[in-house]
Amino acid sequence: MQYKPLGRTGWNVSTISFGAWAIGGTWGEVSEAEAMGALHKALDLGVNFFDTADVYGDGRSERLIARLRKERSEPFYVATKAGRRLSPHVAEGYNRANLRAFVERSLTNLNVDALDLLQLHCPPTPVYYMPEVFDALDTMQREGKLRHYGVSVEKVEEALKAIEFPGVQSVQIIYNMLRQRPADLLFKETQRKGVGILARLPLSSGLLTGKMTSDTAFAADDHRLFNRNGEQFDKGETFSGLEYSKGLAAVEALRPLVPAGMSMAQWALRWVTMHPAVTCAIPGGKRAAQVEDNMRAADLPALSDAQMQAVQTVYEQCAKPWVHHGW
């Protein structure tokens, strides 16, 4: 496992970390035994950073991570998120009282006195223009409720606005072979300001494992079935915003480029971590075997300039026209 600094926190975190959305919900059924097996395997392989949210399984994901901390002695960092419990999910809901209530609930779920890293959970765009929201986070940081805070965003423009606030330590954003816009400008700015990048959905909802086909069946409670057109949340969260058949076509264009000795998933993860602005990729994993395959990407050799350019060509032909200007 390799490690990199996260923003200005003073932490060094695993370059392939663990995204806990899949063990919480909306990715199909995952038993508690499977989820705990995946978490333990991640720790076994050197992961020291876990990303979750209060809405993943209505707190299930946070509680599983709390159990992991109880069962293991190795130290690790936990990033959680707040805001998506609002109903309706509107900017006005991001007020001091609601944010405090969300933080208190996560403290209970995670069984800690202070949250390592709290992230605003893809709030409506106007929130990034509300200084009082970030002032509320500053207040809770001073009170010791949270050690650091950052943002999870849908759009590059939201991230650029968020990092104007000096307390923001990290930006979580979708970045993968099929969603490359963050590298155009955002990454330069986060590097300049010392802000970490958490690359979520690095495998594009599993597309970049190369294991899906037009016949793949998804469970009724899997967002890859019910959110393809943004029915429940932002369309870009499912298959990077690509229509499923276009995503499959892009994967087939990428498949011949996978180097010998790597799975497609490992290659796709190594591609993400090639960018110097990226602190870590946070793939999910329902089972220990998936986690093990993912984590091996951390120690793979760097991709060549020719390999990087080949991926760029596929992106420009098979994905960019449909996703680049959407987020």
# chains A, B, ... in the order shown; residues from 1 in each chain; ligands from 1
call {"tool": "select_by_dssp", "arguments": {"residues": "region 183-240 of chain A", "states": "strand (DSSP E)", "output": "VMD selection string"}}
result
chain A and resid 196 to 200
call {"tool": "write_last_selection", "arguments": {"atoms": "N, CA and C atoms", "output": "PDB file, in the first residue's frame"}}
result
ATOM      1  N   GLY A 196      -7.050  18.255  -0.538  1.00  0.00           N
ATOM      2  CA  GLY A 196      -6.999  16.878  -0.995  1.00  0.00           C
ATOM      3  C   GLY A 196      -8.154  16.527  -1.920  1.00  0.00           C
ATOM      4  N   ILE A 197      -7.934  15.536  -2.765  1.00  0.00           N
ATOM      5  CA  ILE A 197      -8.974  15.036  -3.672  1.00  0.00           C
ATOM      6  C   ILE A 197      -9.256  13.576  -3.336  1.00  0.00           C
ATOM      7  N   LEU A 198     -10.535  13.285  -3.042  1.00  0.00           N
ATOM      8  CA  LEU A 198     -11.004  11.928  -2.847  1.00  0.00           C
ATOM      9  C   LEU A 198     -11.794  11.559  -4.101  1.00  0.00           C
ATOM     10  N   ALA A 199     -11.261  10.642  -4.894  1.00  0.00           N
ATOM     11  CA  ALA A 199     -11.880  10.274  -6.170  1.00  0.00           C
ATOM     12  C   ALA A 199     -12.900   9.174  -5.933  1.00  0.00           C
ATOM     13  N   ARG A 200     -14.177   9.543  -6.000  1.00  0.00           N
ATOM     14  CA  ARG A 200     -15.218   8.545  -5.782  1.00  0.00           C
ATOM     15  C   ARG A 200     -15.682   7.952  -7.117  1.00  0.00           C
TER      16      ARG A 200
END
call {"tool": "residues_around", "arguments": {"residues": "Ala297 (chain A)", "least_positions_apart": "4", "cutoff": "12 Å", "atoms": "only C-alpha atoms", "output": "ChimeraX atom specification"}}
result
/A:1-2,14-17,45,202,261-274,280-283,290-293,301-303
call {"tool": "residues_around", "arguments": {"residues": "Leu117 (chain A)", "least_positions_apart": "5", "cutoff": "9 Å", "atoms": "only C-alpha atoms", "output": "ChimeraX atom specification"}}
result
/A:77-81,146-150,169-170
call {"tool": "atom_distance", "arguments": {"atom1": "CA of Lys41 (chain A)", "atom2": "CA of Gly284 (chain A)"}}
result
12.5 Å
call {"tool": "closest_residue", "arguments": {"among": "A:Glu71, A:Glu92, A:Asp305, A:Glu62", "to": "Val127 (chain A)", "atoms": "only C-alpha atoms"}}
result
A:Glu92
call {"tool": "atom_distance", "arguments": {"atom1": "CA of Lys286 (chain A)", "atom2": "CA of Leu208 (chain A)"}}
result
15.9 Å
call {"tool": "closest_residue", "arguments": {"among": "A:Leu115, A:Leu6, A:Ala136, A:Val195", "to": "Ala162 (chain A)", "atoms": "only C-alpha atoms"}}
result
A:Val195
call {"tool": "select_by_dssp", "arguments": {"residues": "region 90-192 of chain A", "states": "alpha helix (DSSP H)", "output": "NGL selection string"}}
result
:A and (96-110 or 131-142 or 156-162 or 186-192)
call {"tool": "atom_distance", "arguments": {"atom1": "CA of Thr52 (chain A)", "atom2": "CA of Leu185 (chain A)"}}
result
26.7 Å
call {"tool": "closest_residue", "arguments": {"among": "A:Pro321, A:Thr139, A:Tyr129, A:Asp299", "to": "Gly46 (chain A)", "atoms": "only C-alpha atoms"}}
result
A:Asp299
